[in-house]
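Structure first, then comments.
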Amino acid sequence: MPEPYELTVSEAAAQIRQGTLSPVTLCQSLLDRIDRFDGDIHAWVTIDREEVLETARRREAEVERGDPLGPLHGVPVGLKDIFNTDGMLTAAGSRIYSEFVPDYDATSVARIRRAGGIILGKAVTTEFATSDPSPTRNPWNVEHTPGGSSSGLSSHPGRRMVARRHPVPNRPRLHPAAPPVTTVSWA
């Protein structure tokens with residue numbers, strides 16, 4: 001049986017719906033991975049652990065009542081730090097917005113929440129998602145950067161700090177760390 005942090009988005013969502021995986025257990029597993037690896041990789045800008053675990057407890061209670069919200073119910077999602085997220089720092093990789101906390105969700109974030117997703121946190125991006133390099137390190141070799149504005153999100157699957165769209169190998173490859181984690185199979 002795989003560890004919760006090893007599951008893909010589809011596997012985690014199915015197990016949560018079936019009641020064989022707790023959203024709290026999944027979130028805690030990913031938070032533990034973040035604690036273990038992010039000090040070297042610098043892939044995360046903002047994580048509100050208390051809010052993540054509180055939302056996971058609510059999602060778990062909803063499943064127990066037979067009232068899941070949607071296809072992402074109980075699945076933690078990492079967001080690029082350019083998407084406004086109600087009550088969460090959204091700096092867009094810029095000192096100009098280093099203290100900006102929006103009071104509304106971007107449409108994509110609102111849809112993730114309506115689908116039952118849990119906002120795990122904000123991933124590092126280059127300034128306004130246009131510059132390079134970011135402070136994020138490549139998960140296979142911390143002497144290198146994964147490059148690009150999605151460097152934080154591309155490093156997460158390499159160390160299994162978010163649920164992934166597809167399985168990720170346990171060894172380095174010659175191409176990017178992983179496929180994008182922002183798309184989900186609703187099958």
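Labels for the structure tokens follow display order: chains A, B, ..., residues from 1 in each chain, ligands from 1.
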
Which residues come within 12 Å of stretch 92-101 of chain A, counting only C-alpha atoms, excluding same-chain residues fewer than 3 positions away, as an MDAnalysis selection string? chainID A and resid 43:46 79:89 104:105 122:136 149:152

Return as a PDB file with N, CA and C atoms, in the first residue's frame the full set of residues in stretch 8-164 of chain A whose backbone-based DSSP assignment is alpha helix (DSSP H).
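Writing the result to result-v1.pdb gives the following:
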```pdb
ATOM      1  N   VAL A   9      -3.442  12.493  -7.894  1.00  0.00           N
ATOM      2  CA  VAL A   9      -4.676  13.207  -7.570  1.00  0.00           C
ATOM      3  C   VAL A   9      -5.877  12.269  -7.711  1.00  0.00           C
ATOM      4  N   SER A  10      -5.936  11.552  -8.823  1.00  0.00           N
ATOM      5  CA  SER A  10      -7.074  10.653  -9.064  1.00  0.00           C
ATOM      6  C   SER A  10      -7.158   9.548  -8.015  1.00  0.00           C
ATOM      7  N   GLU A  11      -6.012   8.964  -7.658  1.00  0.00           N
ATOM      8  CA  GLU A  11      -6.001   7.909  -6.643  1.00  0.00           C
ATOM      9  C   GLU A  11      -6.445   8.453  -5.285  1.00  0.00           C
ATOM     10  N   ALA A  12      -5.917   9.616  -4.908  1.00  0.00           N
ATOM     11  CA  ALA A  12      -6.285  10.205  -3.615  1.00  0.00           C
ATOM     12  C   ALA A  12      -7.772  10.533  -3.576  1.00  0.00           C
ATOM     13  N   ALA A  13      -8.283  11.145  -4.647  1.00  0.00           N
ATOM     14  CA  ALA A  13      -9.707  11.509  -4.684  1.00  0.00           C
ATOM     15  C   ALA A  13     -10.585  10.269  -4.570  1.00  0.00           C
ATOM     16  N   ALA A  14     -10.216   9.207  -5.262  1.00  0.00           N
ATOM     17  CA  ALA A  14     -11.011   7.971  -5.211  1.00  0.00           C
ATOM     18  C   ALA A  14     -10.991   7.371  -3.808  1.00  0.00           C
ATOM     19  N   GLN A  15      -9.826   7.319  -3.188  1.00  0.00           N
ATOM     20  CA  GLN A  15      -9.734   6.735  -1.845  1.00  0.00           C
ATOM     21  C   GLN A  15     -10.482   7.579  -0.814  1.00  0.00           C
ATOM     22  N   ILE A  16     -10.451   8.884  -0.967  1.00  0.00           N
ATOM     23  CA  ILE A  16     -11.206   9.757  -0.050  1.00  0.00           C
ATOM     24  C   ILE A  16     -12.697   9.512  -0.226  1.00  0.00           C
ATOM     25  N   ARG A  17     -13.167   9.449  -1.469  1.00  0.00           N
ATOM     26  CA  ARG A  17     -14.596   9.179  -1.726  1.00  0.00           C
ATOM     27  C   ARG A  17     -15.019   7.820  -1.152  1.00  0.00           C
ATOM     28  N   GLN A  18     -14.131   6.825  -1.245  1.00  0.00           N
ATOM     29  CA  GLN A  18     -14.433   5.480  -0.750  1.00  0.00           C
ATOM     30  C   GLN A  18     -14.315   5.378   0.772  1.00  0.00           C
ATOM     31  N   PRO A  23      -8.700  12.844   4.427  1.00  0.00           N
ATOM     32  CA  PRO A  23      -8.054  14.064   3.944  1.00  0.00           C
ATOM     33  C   PRO A  23      -7.031  14.611   4.945  1.00  0.00           C
ATOM     34  N   VAL A  24      -7.278  14.405   6.233  1.00  0.00           N
ATOM     35  CA  VAL A  24      -6.336  14.865   7.264  1.00  0.00           C
ATOM     36  C   VAL A  24      -5.028  14.094   7.142  1.00  0.00           C
ATOM     37  N   THR A  25      -5.127  12.779   6.977  1.00  0.00           N
ATOM     38  CA  THR A  25      -3.930  11.946   6.827  1.00  0.00           C
ATOM     39  C   THR A  25      -3.152  12.350   5.585  1.00  0.00           C
ATOM     40  N   LEU A  26      -3.853  12.585   4.477  1.00  0.00           N
ATOM     41  CA  LEU A  26      -3.190  12.993   3.238  1.00  0.00           C
ATOM     42  C   LEU A  26      -2.498  14.339   3.414  1.00  0.00           C
ATOM     43  N   CYS A  27      -3.192  15.309   3.971  1.00  0.00           N
ATOM     44  CA  CYS A  27      -2.593  16.635   4.168  1.00  0.00           C
ATOM     45  C   CYS A  27      -1.391  16.564   5.096  1.00  0.00           C
ATOM     46  N   GLN A  28      -1.513  15.825   6.196  1.00  0.00           N
ATOM     47  CA  GLN A  28      -0.394  15.722   7.129  1.00  0.00           C
ATOM     48  C   GLN A  28       0.803  15.049   6.471  1.00  0.00           C
ATOM     49  N   SER A  29       0.542  14.042   5.642  1.00  0.00           N
ATOM     50  CA  SER A  29       1.615  13.358   4.923  1.00  0.00           C
ATOM     51  C   SER A  29       2.367  14.332   4.006  1.00  0.00           C
ATOM     52  N   LEU A  30       1.621  15.172   3.292  1.00  0.00           N
ATOM     53  CA  LEU A  30       2.251  16.152   2.397  1.00  0.00           C
ATOM     54  C   LEU A  30       2.961  17.256   3.181  1.00  0.00           C
ATOM     55  N   LEU A  31       2.366  17.694   4.284  1.00  0.00           N
ATOM     56  CA  LEU A  31       3.027  18.701   5.122  1.00  0.00           C
ATOM     57  C   LEU A  31       4.336  18.157   5.692  1.00  0.00           C
ATOM     58  N   ASP A  32       4.352  16.882   6.061  1.00  0.00           N
ATOM     59  CA  ASP A  32       5.585  16.261   6.550  1.00  0.00           C
ATOM     60  C   ASP A  32       6.653  16.248   5.460  1.00  0.00           C
ATOM     61  N   ARG A  33       6.255  15.967   4.219  1.00  0.00           N
ATOM     62  CA  ARG A  33       7.194  15.984   3.100  1.00  0.00           C
ATOM     63  C   ARG A  33       7.738  17.399   2.873  1.00  0.00           C
ATOM     64  N   ILE A  34       6.857  18.375   2.973  1.00  0.00           N
ATOM     65  CA  ILE A  34       7.287  19.765   2.814  1.00  0.00           C
ATOM     66  C   ILE A  34       8.307  20.113   3.892  1.00  0.00           C
ATOM     67  N   ASP A  35       8.014  19.733   5.135  1.00  0.00           N
ATOM     68  CA  ASP A  35       8.957  20.001   6.225  1.00  0.00           C
ATOM     69  C   ASP A  35      10.303  19.332   5.966  1.00  0.00           C
ATOM     70  N   ARG A  36      10.258  18.150   5.401  1.00  0.00           N
ATOM     71  CA  ARG A  36      11.481  17.382   5.167  1.00  0.00           C
ATOM     72  C   ARG A  36      12.328  17.957   4.031  1.00  0.00           C
ATOM     73  N   PHE A  37      11.693  18.404   2.944  1.00  0.00           N
ATOM     74  CA  PHE A  37      12.450  18.749   1.745  1.00  0.00           C
ATOM     75  C   PHE A  37      12.484  20.226   1.370  1.00  0.00           C
ATOM     76  N   ASP A  38      11.537  21.022   1.803  1.00  0.00           N
ATOM     77  CA  ASP A  38      11.475  22.377   1.280  1.00  0.00           C
ATOM     78  C   ASP A  38      12.608  23.270   1.762  1.00  0.00           C
ATOM     79  N   GLY A  39      13.244  22.940   2.845  1.00  0.00           N
ATOM     80  CA  GLY A  39      14.382  23.737   3.304  1.00  0.00           C
ATOM     81  C   GLY A  39      15.491  23.805   2.274  1.00  0.00           C
ATOM     82  N   ASP A  40      15.667  22.731   1.489  1.00  0.00           N
ATOM     83  CA  ASP A  40      16.688  22.695   0.448  1.00  0.00           C
ATOM     84  C   ASP A  40      16.172  23.169  -0.901  1.00  0.00           C
ATOM     85  N   ILE A  41      14.879  22.939  -1.160  1.00  0.00           N
ATOM     86  CA  ILE A  41      14.335  23.204  -2.495  1.00  0.00           C
ATOM     87  C   ILE A  41      13.741  24.607  -2.630  1.00  0.00           C
ATOM     88  N   ARG A  49      -0.588  25.927   7.714  1.00  0.00           N
ATOM     89  CA  ARG A  49      -0.802  24.562   8.186  1.00  0.00           C
ATOM     90  C   ARG A  49      -2.102  24.413   8.982  1.00  0.00           C
ATOM     91  N   GLU A  50      -2.376  25.373   9.831  1.00  0.00           N
ATOM     92  CA  GLU A  50      -3.602  25.291  10.628  1.00  0.00           C
ATOM     93  C   GLU A  50      -4.839  25.297   9.740  1.00  0.00           C
ATOM     94  N   GLU A  51      -4.854  26.178   8.756  1.00  0.00           N
ATOM     95  CA  GLU A  51      -5.995  26.252   7.839  1.00  0.00           C
ATOM     96  C   GLU A  51      -6.101  24.990   6.988  1.00  0.00           C
ATOM     97  N   VAL A  52      -4.965  24.481   6.528  1.00  0.00           N
ATOM     98  CA  VAL A  52      -4.963  23.247   5.728  1.00  0.00           C
ATOM     99  C   VAL A  52      -5.586  22.107   6.525  1.00  0.00           C
ATOM    100  N   LEU A  53      -5.135  21.923   7.763  1.00  0.00           N
ATOM    101  CA  LEU A  53      -5.639  20.812   8.573  1.00  0.00           C
ATOM    102  C   LEU A  53      -7.087  21.030   9.005  1.00  0.00           C
ATOM    103  N   GLU A  54      -7.471  22.270   9.265  1.00  0.00           N
ATOM    104  CA  GLU A  54      -8.871  22.550   9.612  1.00  0.00           C
ATOM    105  C   GLU A  54      -9.781  22.261   8.426  1.00  0.00           C
ATOM    106  N   THR A  55      -9.376  22.688   7.240  1.00  0.00           N
ATOM    107  CA  THR A  55     -10.174  22.396   6.041  1.00  0.00           C
ATOM    108  C   THR A  55     -10.236  20.893   5.798  1.00  0.00           C
ATOM    109  N   ALA A  56      -9.127  20.193   6.017  1.00  0.00           N
ATOM    110  CA  ALA A  56      -9.113  18.733   5.852  1.00  0.00           C
ATOM    111  C   ALA A  56     -10.090  18.064   6.818  1.00  0.00           C
ATOM    112  N   ARG A  57     -10.156  18.560   8.037  1.00  0.00           N
ATOM    113  CA  ARG A  57     -11.119  17.996   9.010  1.00  0.00           C
ATOM    114  C   ARG A  57     -12.559  18.236   8.547  1.00  0.00           C
ATOM    115  N   ARG A  58     -12.828  19.425   7.998  1.00  0.00           N
ATOM    116  CA  ARG A  58     -14.174  19.695   7.465  1.00  0.00           C
ATOM    117  C   ARG A  58     -14.494  18.771   6.297  1.00  0.00           C
ATOM    118  N   ARG A  59     -13.535  18.593   5.395  1.00  0.00           N
ATOM    119  CA  ARG A  59     -13.755  17.707   4.243  1.00  0.00           C
ATOM    120  C   ARG A  59     -13.980  16.264   4.701  1.00  0.00           C
ATOM    121  N   GLU A  60     -13.262  15.844   5.717  1.00  0.00           N
ATOM    122  CA  GLU A  60     -13.447  14.491   6.246  1.00  0.00           C
ATOM    123  C   GLU A  60     -14.855  14.324   6.823  1.00  0.00           C
ATOM    124  N   ALA A  61     -15.317  15.304   7.569  1.00  0.00           N
ATOM    125  CA  ALA A  61     -16.670  15.245   8.140  1.00  0.00           C
ATOM    126  C   ALA A  61     -17.723  15.222   7.034  1.00  0.00           C
ATOM    127  N   GLU A  62     -17.484  15.976   5.959  1.00  0.00           N
ATOM    128  CA  GLU A  62     -18.432  15.985   4.839  1.00  0.00           C
ATOM    129  C   GLU A  62     -18.514  14.617   4.171  1.00  0.00           C
ATOM    130  N   VAL A  63     -17.394  13.946   4.025  1.00  0.00           N
ATOM    131  CA  VAL A  63     -17.394  12.601   3.445  1.00  0.00           C
ATOM    132  C   VAL A  63     -18.142  11.639   4.367  1.00  0.00           C
ATOM    133  N   GLU A  64     -17.887  11.745   5.668  1.00  0.00           N
ATOM    134  CA  GLU A  64     -18.555  10.867   6.632  1.00  0.00           C
ATOM    135  C   GLU A  64     -20.069  11.059   6.611  1.00  0.00           C
ATOM    136  N   THR A 107     -10.946  33.137 -10.051  1.00  0.00           N
ATOM    137  CA  THR A 107     -11.964  32.199 -10.520  1.00  0.00           C
ATOM    138  C   THR A 107     -11.471  30.758 -10.434  1.00  0.00           C
ATOM    139  N   SER A 108     -10.240  30.505 -10.840  1.00  0.00           N
ATOM    140  CA  SER A 108      -9.708  29.136 -10.797  1.00  0.00           C
ATOM    141  C   SER A 108      -9.625  28.614  -9.365  1.00  0.00           C
ATOM    142  N   VAL A 109      -9.257  29.463  -8.429  1.00  0.00           N
ATOM    143  CA  VAL A 109      -9.171  29.057  -7.024  1.00  0.00           C
ATOM    144  C   VAL A 109     -10.569  28.781  -6.479  1.00  0.00           C
ATOM    145  N   ALA A 110     -11.522  29.628  -6.820  1.00  0.00           N
ATOM    146  CA  ALA A 110     -12.909  29.410  -6.386  1.00  0.00           C
ATOM    147  C   ALA A 110     -13.434  28.073  -6.912  1.00  0.00           C
ATOM    148  N   ARG A 111     -13.084  27.741  -8.138  1.00  0.00           N
ATOM    149  CA  ARG A 111     -13.534  26.466  -8.712  1.00  0.00           C
ATOM    150  C   ARG A 111     -12.900  25.274  -8.007  1.00  0.00           C
ATOM    151  N   ILE A 112     -11.630  25.393  -7.664  1.00  0.00           N
ATOM    152  CA  ILE A 112     -10.967  24.317  -6.911  1.00  0.00           C
ATOM    153  C   ILE A 112     -11.670  24.123  -5.573  1.00  0.00           C
ATOM    154  N   ARG A 113     -11.973  25.218  -4.902  1.00  0.00           N
ATOM    155  CA  ARG A 113     -12.660  25.107  -3.602  1.00  0.00           C
ATOM    156  C   ARG A 113     -14.051  24.499  -3.770  1.00  0.00           C
ATOM    157  N   ARG A 114     -14.793  24.942  -4.790  1.00  0.00           N
ATOM    158  CA  ARG A 114     -16.137  24.380  -5.020  1.00  0.00           C
ATOM    159  C   ARG A 114     -16.079  22.886  -5.336  1.00  0.00           C
ATOM    160  N   SER A 151       8.625  27.195 -11.478  1.00  0.00           N
ATOM    161  CA  SER A 151       9.690  26.425 -10.834  1.00  0.00           C
ATOM    162  C   SER A 151       9.240  25.792  -9.519  1.00  0.00           C
ATOM    163  N   GLY A 152       8.463  26.516  -8.725  1.00  0.00           N
ATOM    164  CA  GLY A 152       7.974  25.939  -7.469  1.00  0.00           C
ATOM    165  C   GLY A 152       7.083  24.742  -7.711  1.00  0.00           C
ATOM    166  N   LEU A 153       6.112  24.891  -8.616  1.00  0.00           N
ATOM    167  CA  LEU A 153       5.205  23.782  -8.914  1.00  0.00           C
ATOM    168  C   LEU A 153       5.924  22.615  -9.565  1.00  0.00           C
ATOM    169  N   SER A 154       6.939  22.892 -10.371  1.00  0.00           N
ATOM    170  CA  SER A 154       7.635  21.784 -11.024  1.00  0.00           C
ATOM    171  C   SER A 154       8.505  21.011 -10.051  1.00  0.00           C
ATOM    172  N   SER A 155       8.885  21.619  -8.942  1.00  0.00           N
ATOM    173  CA  SER A 155       9.702  20.920  -7.942  1.00  0.00           C
ATOM    174  C   SER A 155       8.878  20.096  -6.967  1.00  0.00           C
TER     175      SER A 155
END
```

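The gap separating atom CA of A:Thr90 from atom CA of A:His42 is 16.3 Å, in Å to one decimal.
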
How many Å separate atom CA of A:Leu72 from atom CA of A:Ile119?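 Distance reported for this atom pair: 10.9 Å.
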